[in-house]
There are 2 protein chains.
Amino acid sequence: MKIIADAFGGDNAPLEIIKGCLDAQKAYGVEILLVGDTKKIQACAAENGLDIQNFELLQADDVFQMETQPTEILKAGKNTSMAVGLQALADGKGDAFISAGSTGALLVGATFIVKRIKGVKRPALGAVMPSAEGPFILVDTGANVECTVPMLCQFARLGDIYMKKILGIQNPRVALANIGAEETKGTPLQVEAYQALAKLPDMQFTGNIEVRDIAFGKADVVVADGFTGNVIVKMYEGVAKMITNSLKAMFMKNLASKLSYLGVKGGMDEFKKKMDYNQYGGAPIIGVQKPVVKAHGSSDARAFCNAIKQAIDCTQNDVCGAIAEALKGGEAHGTASE
Amino acid sequence: MKIIADAFGGDNAPLEIIKGCLDAQKAYGVEILLVGDTKKIQACAAENGLDIQNFELLQADDVFQMETQPTEILKAGKNTSMAVGLQALADGKGDAFISAGSTGALLVGATFIVKRIKGVKRPALGAVMPSAEGPFILVDTGANVECTVPMLCQFARLGDIYMKKILGIQNPRVALANIGAEETKGTPLQVEAYQALAKLPDMQFTGNIEVRDIAFGKADVVVADGFTGNVIVKMYEGVAKMITNSLKAMFMKNLASKLSYLGVKGGMDEFKKKMDYNQYGGAPIIGVQKPVVKAHGSSDARAFCNAIKQAIDCTQNDVCGAIAEALKGGEAHGTASE
């Protein structure tokens, strides 16, 4: 299996990307095709004493800047490492693509260069997130700010397949993110989506999930429009971070608190591990023909390596093929056209 | 000052309501008008050895049930303690009303019995919430699931006045809850609201607040449509609760961890206090002619007493009068009609 990686995406590129690729190569025995300015990649590796002779390199002159309009990836950004990498994936030069660069550009690029699976209205950005009971996937987390009912139904299907194939959950509990459990709750979008989701065959729709219950793991697939999904994931991150910071300050306050920390260090480490976003990799772009994974912009080597692992899992379990298969059924499988 | 309290709203009524009213009477020297089945109130007080001879009682035969349609408060629910209490407020039998009962019914009742302040499009449900930097108010948190741009502008104005009058913040930072800092982010509602908010006079609009930053206290007034606001407040509660539960389990795990707890108990208590929702009272219904406060459904005596304190502050600082004054200016003050 060959993994294509964007050497120049994210805050810590290219060094942490190179390291993450080396780790993945060692751990999973995959081939690596690293895309970017090859001279800079080689110089960075040499400077840091990293042996990248087993990598294949692909030249791309430019870097896609975070502040550039995402659609430019198809125009002025054609020679960026992200665009060249996506094109390499589309051309069959590798099996999956990972980038820690601009989410918007990666979405546009994945949609128009790698292309959608037949029947997919709009690819979605998934986020595999930790909860008190284990991981769940939230679809969509921001790719589609405005959504229709058929789009939400398809997000449910995409998330359902992802959890079955990648997390090995046999019969995922699929729920609609809402402001109340009753089917009359929410805006017209949620009210109508509830009825449509309830009619989908071959899926365990468990109704609305009050967002308050999301962190407790009461659903395996949480369906939301991209705006709401983005609010959910960012509130989750923000509140968790604020509390973690406060706890750190509390433990570091004085000698007594520092000593106390030793007694709960094991438990704290366990909890931190459970709550670590990066353990599940990045955010998969679901609904395009080949696996594309968005690694966090702040990815270090470990996070990037985990995103590669996720791409490997997507490839090995043929998530894209399973989605294509599921969507063949069309309306019967909850993919009614709008 | 006379506070009207719904004796039969919430999970712990009437006992905790009675206790909360007694506490408030003692602490703040206010008169209490307690509404509900007076025989039951007296029996409950007697059973628990509570002296309520200083309370004024107002008979209401029924209790508004949580599962009843909110609009029924104007019809079949007219004899409930909530409706009778709101009517008493409208009739000038007291200065403010507090209930821990159905939020929806209280909103409908406040709007149509107590009535809106002239110029208010739709009353909003505020939530004063803790952050790393101190309290902020989120408006709206669910009263208005679907919103227009002029409604959001008015929520900004209502929140601004509330923070000035009740929390004593001179020049509140008013921000729009959104999925990115750039003014082009969000659905058309947020994009248009950004422009309209930026034009409001006499207000410090600081732009979009990424929801990730909300818990860090980067705004004093967070403006949102009721759906998004409800998602924010419930994610906040849910994530905080999940983490708190995990920490409790961690500290209770074994003898070493229990001993460790002693070393950080002070810090933990301080943090818990800072993060305690109930310290700021309940959720004010902003935009009606007299102070109406929704206490949490799970309110105990302390939480209910804090909600009474909040109602006292609203009355003393004449929040309703300040809103009426601000809205007199009409369009110039950001209350353009739709």
# chains A, B, ... in the order shown; residues from 1 in each chain; ligands from 1
$ residues_around --residues "region 124-131 of chain A" --least-positions-apart "3" --cutoff "6 Å" --atoms "only C-alpha atoms" --output "MDAnalysis selection string"
chainID A and resid 134:141 143 215:217 275 283:286
$ interface_residues --of "chain A" --to "chain B" --cutoff "9 Å" --atoms "only C-alpha atoms" --output "MDAnalysis selection string"
chainID A and resid 131:132 142 145:146 177:179 186:188 210:216 227:228 230:243 246:247 249:251 253 255:268 271
$ residues_around --residues "Lys93 (chain B)" --least-positions-apart "6" --cutoff "10 Å" --atoms "only C-alpha atoms" --output "ChimeraX atom specification"
/B:2-4,33,85-87
$ residues_around --residues "Leu89 (chain B)" --least-positions-apart "3" --cutoff "12 Å" --atoms "only C-alpha atoms" --output "MDAnalysis selection string"
chainID B and resid 2:6 33:35 58 82:86 92:98 109:110 113:115 288:292
$ residues_around --residues "Tyr280 (chain A)" --least-positions-apart "2" --cutoff "8 Å" --atoms "only C-alpha atoms" --output "PyMOL selection string"
chain A and resi 128-129+277-278+282+306-307+310
$ write_last_selection --atoms "N, CA and C atoms" --output "PDB file, in the first residue's frame"
ATOM      1  N   VAL A 128     -13.909  11.762  14.173  1.00  0.00           N
ATOM      2  CA  VAL A 128     -14.016  10.680  15.142  1.00  0.00           C
ATOM      3  C   VAL A 128     -13.585  11.259  16.474  1.00  0.00           C
ATOM      4  N   MET A 129     -14.506  11.218  17.431  1.00  0.00           N
ATOM      5  CA  MET A 129     -14.266  11.915  18.696  1.00  0.00           C
ATOM      6  C   MET A 129     -14.392  10.978  19.889  1.00  0.00           C
ATOM      7  N   TYR A 277      -7.900  13.335  21.097  1.00  0.00           N
ATOM      8  CA  TYR A 277      -8.468  13.333  19.756  1.00  0.00           C
ATOM      9  C   TYR A 277      -7.583  12.615  18.750  1.00  0.00           C
ATOM     10  N   ASN A 278      -6.276  12.846  18.917  1.00  0.00           N
ATOM     11  CA  ASN A 278      -5.350  12.395  17.882  1.00  0.00           C
ATOM     12  C   ASN A 278      -5.249  10.883  17.765  1.00  0.00           C
ATOM     13  N   GLY A 282      -7.200  11.772  11.949  1.00  0.00           N
ATOM     14  CA  GLY A 282      -7.717  13.089  11.612  1.00  0.00           C
ATOM     15  C   GLY A 282      -9.190  13.028  11.266  1.00  0.00           C
ATOM     16  N   ASN A 306      -0.917   8.801  13.152  1.00  0.00           N
ATOM     17  CA  ASN A 306      -2.251   8.254  13.410  1.00  0.00           C
ATOM     18  C   ASN A 306      -3.211   8.521  12.256  1.00  0.00           C
ATOM     19  N   ALA A 307      -3.056   9.669  11.622  1.00  0.00           N
ATOM     20  CA  ALA A 307      -3.902   9.969  10.461  1.00  0.00           C
ATOM     21  C   ALA A 307      -3.571   9.022   9.309  1.00  0.00           C
ATOM     22  N   GLN A 310      -5.215   5.783  10.008  1.00  0.00           N
ATOM     23  CA  GLN A 310      -6.637   5.873   9.678  1.00  0.00           C
ATOM     24  C   GLN A 310      -6.846   5.698   8.170  1.00  0.00           C
TER      25      GLN A 310
END
$ residues_around --residues "Cys305 (chain A)" --least-positions-apart "4" --cutoff "8 Å" --atoms "only C-alpha atoms" --output "CSV table (one decimal) with C-alpha atoms, in the first residue's frame"
chain,number,residue,atom,x,y,z
A,20,GLY,CA,5.2,10.9,11.1
A,21,CYS,CA,5.7,9.3,7.7
A,23,ASP,CA,7.0,6.3,12.0
A,24,ALA,CA,4.1,5.0,9.9
A,281,GLY,CA,-6.3,10.1,13.4
A,301,ALA,CA,4.6,13.3,14.1
A,309,LYS,CA,-3.1,4.7,10.2
$ select_by_dssp --residues "region 86-335 of chain B" --states "strand (DSSP E or B)" --output "NGL selection string"
:B and (96-99 or 116 or 124-129 or 136-139 or 173-178 or 204-210 or 221-223 or 283-286 or 288 or 292-294)
$ select_by_dssp --residues "region 135-180 of chain B" --states "alpha helix (DSSP H)" --output "list in words"
Val149, Pro150, Met151, Leu152, Cys153, Gln154, Phe155, Ala156, Arg157, Leu158, Gly159, Asp160, Ile161, Tyr162, Met163, Lys164, Lys165 and Ile166 of chain B
$ closest_residue --among "A:Phe64, A:Tyr162, A:Phe155, A:Tyr194" --to "Ala7 (chain A)" --atoms "only C-alpha atoms"
A:Phe64
$ closest_residue --among "A:Leu167, A:Ile18, A:Ala193, A:Met1" --to "Lys40 (chain A)" --atoms "only C-alpha atoms"
A:Ile18
$ closest_atom_pairs --of "region 61-176 of chain A" --to "region 314-329 of chain A" --cutoff "10 Å" --atoms "only C-alpha atoms" --output "Markdown table"
| residue | atom | partner | partner_atom | distance |
| --- | --- | --- | --- | --- |
| A:Asp95 | CA | A:Thr315 | CA | 6.9 |
| A:Ala96 | CA | A:Thr315 | CA | 7.1 |
| A:Arg116 | CA | A:Ala324 | CA | 9.7 |
| A:Ile117 | CA | A:Ala324 | CA | 6.1 |
| A:Lys118 | CA | A:Ala324 | CA | 6.7 |
| A:Gly119 | CA | A:Leu327 | CA | 5.9 |
| A:Val120 | CA | A:Leu327 | CA | 7.5 |
| A:Gln154 | CA | A:Leu327 | CA | 9.0 |
| A:Arg157 | CA | A:Ile323 | CA | 8.2 |
| A:Leu158 | CA | A:Ile323 | CA | 6.7 |
| A:Gly159 | CA | A:Ile323 | CA | 9.9 |
| A:Asp160 | CA | A:Ile323 | CA | 9.7 |
| A:Ile161 | CA | A:Ile323 | CA | 6.9 |
| A:Tyr162 | CA | A:Val319 | CA | 6.6 |
| A:Met163 | CA | A:Val319 | CA | 9.8 |
| A:Lys164 | CA | A:Val319 | CA | 9.3 |
| A:Lys165 | CA | A:Asn317 | CA | 6.0 |
| A:Ile166 | CA | A:Cys314 | CA | 6.6 |
$ write_last_selection --atoms "C-alpha atoms" --output "PDB file, in the first residue's frame"
ATOM      1  CA  ASP A  95      -3.913   4.558  -2.288  1.00  0.00           C
ATOM      2  CA  ALA A  96      -4.775   7.406   0.073  1.00  0.00           C
ATOM      3  CA  ARG A 116     -17.278  12.085  -5.524  1.00  0.00           C
ATOM      4  CA  ILE A 117     -18.534   8.544  -5.346  1.00  0.00           C
ATOM      5  CA  LYS A 118     -21.517   8.159  -7.662  1.00  0.00           C
ATOM      6  CA  GLY A 119     -24.683   9.060  -5.778  1.00  0.00           C
ATOM      7  CA  VAL A 120     -22.958  11.202  -3.161  1.00  0.00           C
ATOM      8  CA  GLN A 154     -26.711  10.591   3.430  1.00  0.00           C
ATOM      9  CA  ARG A 157     -25.390   6.490   5.851  1.00  0.00           C
ATOM     10  CA  LEU A 158     -21.761   7.587   5.432  1.00  0.00           C
ATOM     11  CA  GLY A 159     -21.202   7.655   9.184  1.00  0.00           C
ATOM     12  CA  ASP A 160     -22.889   4.297   9.627  1.00  0.00           C
ATOM     13  CA  ILE A 161     -20.585   2.662   7.081  1.00  0.00           C
ATOM     14  CA  TYR A 162     -17.521   4.343   8.561  1.00  0.00           C
ATOM     15  CA  MET A 163     -18.246   3.104  12.088  1.00  0.00           C
ATOM     16  CA  LYS A 164     -18.940  -0.415  10.843  1.00  0.00           C
ATOM     17  CA  LYS A 165     -15.851  -0.619   8.662  1.00  0.00           C
ATOM     18  CA  ILE A 166     -13.278   1.335  10.661  1.00  0.00           C
TER      19      ILE A 166
END
$ residues_around --residues "Arg173 (chain A)" --least-positions-apart "5" --cutoff "10 Å" --atoms "only C-alpha atoms" --output "PyMOL selection string"
chain A and resi 136+160+163+203-207+218-222
$ write_last_selection --atoms "all heavy atoms" --output "compact mmCIF listing (two decimals), in the first residue's frame"
# COMPACT_ATOMS: atom_id res chain seq x y z
N PHE A 136 -16.98 8.01 18.77
CA PHE A 136 -18.15 8.13 17.90
C PHE A 136 -17.76 9.02 16.74
O PHE A 136 -16.73 9.70 16.80
CB PHE A 136 -19.35 8.71 18.66
CG PHE A 136 -19.17 10.14 19.08
CD1 PHE A 136 -19.62 11.19 18.27
CD2 PHE A 136 -18.54 10.47 20.27
CE1 PHE A 136 -19.43 12.51 18.65
CE2 PHE A 136 -18.35 11.80 20.65
CZ PHE A 136 -18.80 12.82 19.84
N ASP A 160 -22.55 5.68 9.28
CA ASP A 160 -22.89 4.30 9.63
C ASP A 160 -21.86 3.33 9.02
O ASP A 160 -21.33 2.45 9.71
CB ASP A 160 -24.30 4.00 9.08
CG ASP A 160 -24.82 2.64 9.49
OD1 ASP A 160 -24.91 2.40 10.72
OD2 ASP A 160 -25.13 1.82 8.61
N MET A 163 -18.36 3.73 10.77
CA MET A 163 -18.25 3.10 12.09
C MET A 163 -18.22 1.58 11.99
O MET A 163 -17.53 0.90 12.76
CB MET A 163 -19.39 3.56 13.00
CG MET A 163 -19.29 5.01 13.42
SD MET A 163 -17.69 5.48 14.17
CE MET A 163 -17.91 4.94 15.87
N MET A 203 -30.66 0.54 9.08
CA MET A 203 -29.94 1.47 9.94
C MET A 203 -30.68 1.59 11.27
O MET A 203 -31.90 1.60 11.31
CB MET A 203 -29.87 2.84 9.28
CG MET A 203 -28.94 3.79 10.05
SD MET A 203 -29.00 5.44 9.36
CE MET A 203 -28.17 5.17 7.81
N GLN A 204 -29.88 1.64 12.34
CA GLN A 204 -30.49 1.78 13.66
C GLN A 204 -30.56 3.26 14.04
O GLN A 204 -29.67 3.78 14.71
CB GLN A 204 -29.65 0.99 14.69
CG GLN A 204 -30.36 0.92 16.03
CD GLN A 204 -29.45 0.46 17.17
OE1 GLN A 204 -29.87 0.50 18.30
NE2 GLN A 204 -28.24 0.03 16.89
N PHE A 205 -31.64 3.91 13.61
CA PHE A 205 -31.81 5.31 13.97
C PHE A 205 -32.43 5.37 15.36
O PHE A 205 -33.52 4.85 15.60
CB PHE A 205 -32.70 6.03 12.95
CG PHE A 205 -32.99 7.46 13.30
CD1 PHE A 205 -31.96 8.38 13.43
CD2 PHE A 205 -34.29 7.90 13.51
CE1 PHE A 205 -32.22 9.72 13.76
CE2 PHE A 205 -34.57 9.22 13.83
CZ PHE A 205 -33.52 10.13 13.96
N THR A 206 -31.72 6.01 16.28
CA THR A 206 -32.19 6.03 17.67
C THR A 206 -32.88 7.35 18.03
O THR A 206 -33.14 7.60 19.20
CB THR A 206 -31.01 5.76 18.64
OG1 THR A 206 -29.99 6.74 18.39
CG2 THR A 206 -30.44 4.38 18.44
N GLY A 207 -33.14 8.17 17.03
CA GLY A 207 -33.86 9.42 17.28
C GLY A 207 -32.92 10.59 17.53
O GLY A 207 -31.75 10.55 17.15
N LYS A 218 -23.66 8.48 23.87
CA LYS A 218 -24.96 7.84 23.71
C LYS A 218 -25.34 7.57 22.25
O LYS A 218 -26.44 7.13 21.97
CB LYS A 218 -26.03 8.67 24.42
CG LYS A 218 -25.82 8.67 25.93
CD LYS A 218 -27.03 9.11 26.71
CE LYS A 218 -26.73 9.05 28.21
NZ LYS A 218 -27.75 9.73 29.02
N ALA A 219 -24.43 7.86 21.33
CA ALA A 219 -24.64 7.50 19.93
C ALA A 219 -23.29 7.18 19.30
O ALA A 219 -22.26 7.67 19.75
CB ALA A 219 -25.32 8.64 19.17
N ASP A 220 -23.29 6.32 18.29
CA ASP A 220 -22.06 5.99 17.57
C ASP A 220 -21.87 6.89 16.37
O ASP A 220 -20.75 7.15 15.94
CB ASP A 220 -22.09 4.53 17.13
CG ASP A 220 -22.29 3.59 18.30
OD1 ASP A 220 -21.48 3.65 19.24
OD2 ASP A 220 -23.28 2.82 18.30
N VAL A 221 -23.00 7.33 15.81
CA VAL A 221 -22.96 8.26 14.68
C VAL A 221 -23.86 9.43 15.03
O VAL A 221 -25.05 9.24 15.31
CB VAL A 221 -23.47 7.59 13.38
CG1 VAL A 221 -23.47 8.60 12.23
CG2 VAL A 221 -22.64 6.36 13.03
N VAL A 222 -23.29 10.62 15.09
CA VAL A 222 -24.08 11.83 15.35
C VAL A 222 -24.19 12.60 14.04
O VAL A 222 -23.18 12.95 13.43
CB VAL A 222 -23.45 12.70 16.45
CG1 VAL A 222 -24.23 14.00 16.63
CG2 VAL A 222 -23.37 11.93 17.77
$ closest_residue --among "B:Leu107, B:Ala224, B:Leu74, B:Ala90" --to "Ala156 (chain B)" --atoms "only C-alpha atoms"
B:Ala224
$ decode --residues "region 54-70 of chain B" --atoms "N, CA, C and O atoms" --output "tab-separated table (two decimals), in the first residue's frame"
chain	number	residue	atom	x	y	z
B	54	ASN	N	-44.43	34.24	57.37
B	54	ASN	CA	-44.16	35.54	56.75
B	54	ASN	C	-44.42	35.55	55.24
B	54	ASN	O	-44.25	36.57	54.59
B	55	PHE	N	-44.77	34.37	54.70
B	55	PHE	CA	-45.09	34.33	53.26
B	55	PHE	C	-46.54	34.73	53.04
B	55	PHE	O	-47.41	34.42	53.85
B	56	GLU	N	-46.75	35.38	51.91
B	56	GLU	CA	-48.11	35.57	51.45
B	56	GLU	C	-48.37	34.38	50.50
B	56	GLU	O	-47.50	34.00	49.73
B	57	LEU	N	-49.55	33.79	50.58
B	57	LEU	CA	-49.85	32.65	49.70
B	57	LEU	C	-50.95	33.03	48.72
B	57	LEU	O	-51.86	33.78	49.05
B	58	LEU	N	-50.82	32.50	47.50
B	58	LEU	CA	-51.84	32.77	46.48
B	58	LEU	C	-52.28	31.42	45.91
B	58	LEU	O	-51.44	30.64	45.43
B	59	GLN	N	-53.57	31.16	45.98
B	59	GLN	CA	-54.07	29.85	45.58
B	59	GLN	C	-54.03	29.66	44.06
B	59	GLN	O	-54.43	30.53	43.28
B	60	ALA	N	-53.53	28.50	43.64
B	60	ALA	CA	-53.61	28.07	42.23
B	60	ALA	C	-53.85	26.57	42.29
B	60	ALA	O	-53.06	25.83	42.89
B	61	ASP	N	-54.93	26.12	41.68
B	61	ASP	CA	-55.33	24.72	41.84
B	61	ASP	C	-54.42	23.72	41.13
B	61	ASP	O	-54.20	22.62	41.60
B	62	ASP	N	-53.90	24.14	39.95
B	62	ASP	CA	-53.21	23.16	39.10
B	62	ASP	C	-51.69	23.37	39.06
B	62	ASP	O	-51.19	24.40	39.49
B	63	VAL	N	-51.05	22.36	38.46
B	63	VAL	CA	-49.61	22.44	38.22
B	63	VAL	C	-49.38	22.27	36.72
B	63	VAL	O	-49.98	21.39	36.10
B	64	PHE	N	-48.55	23.11	36.14
B	64	PHE	CA	-48.26	22.97	34.72
B	64	PHE	C	-47.30	21.80	34.53
B	64	PHE	O	-46.18	21.81	35.05
B	65	GLN	N	-47.75	20.80	33.77
B	65	GLN	CA	-46.92	19.60	33.57
B	65	GLN	C	-45.88	19.83	32.47
B	65	GLN	O	-46.15	20.51	31.48
B	66	MET	N	-44.70	19.22	32.66
B	66	MET	CA	-43.60	19.41	31.71
B	66	MET	C	-43.97	18.97	30.29
B	66	MET	O	-43.49	19.54	29.32
B	67	GLU	N	-44.78	17.94	30.18
B	67	GLU	CA	-45.07	17.38	28.85
B	67	GLU	C	-46.22	18.11	28.14
B	67	GLU	O	-46.52	17.84	26.98
B	68	THR	N	-46.85	19.06	28.83
B	68	THR	CA	-47.95	19.81	28.21
B	68	THR	C	-47.40	20.82	27.19
B	68	THR	O	-46.33	21.38	27.39
B	69	GLN	N	-48.13	21.02	26.12
B	69	GLN	CA	-47.74	22.02	25.12
B	69	GLN	C	-47.64	23.40	25.77
B	69	GLN	O	-48.58	23.83	26.45
B	70	PRO	N	-46.55	24.10	25.59
B	70	PRO	CA	-46.35	25.40	26.23
B	70	PRO	C	-47.52	26.38	26.06
B	70	PRO	O	-47.89	27.08	27.00
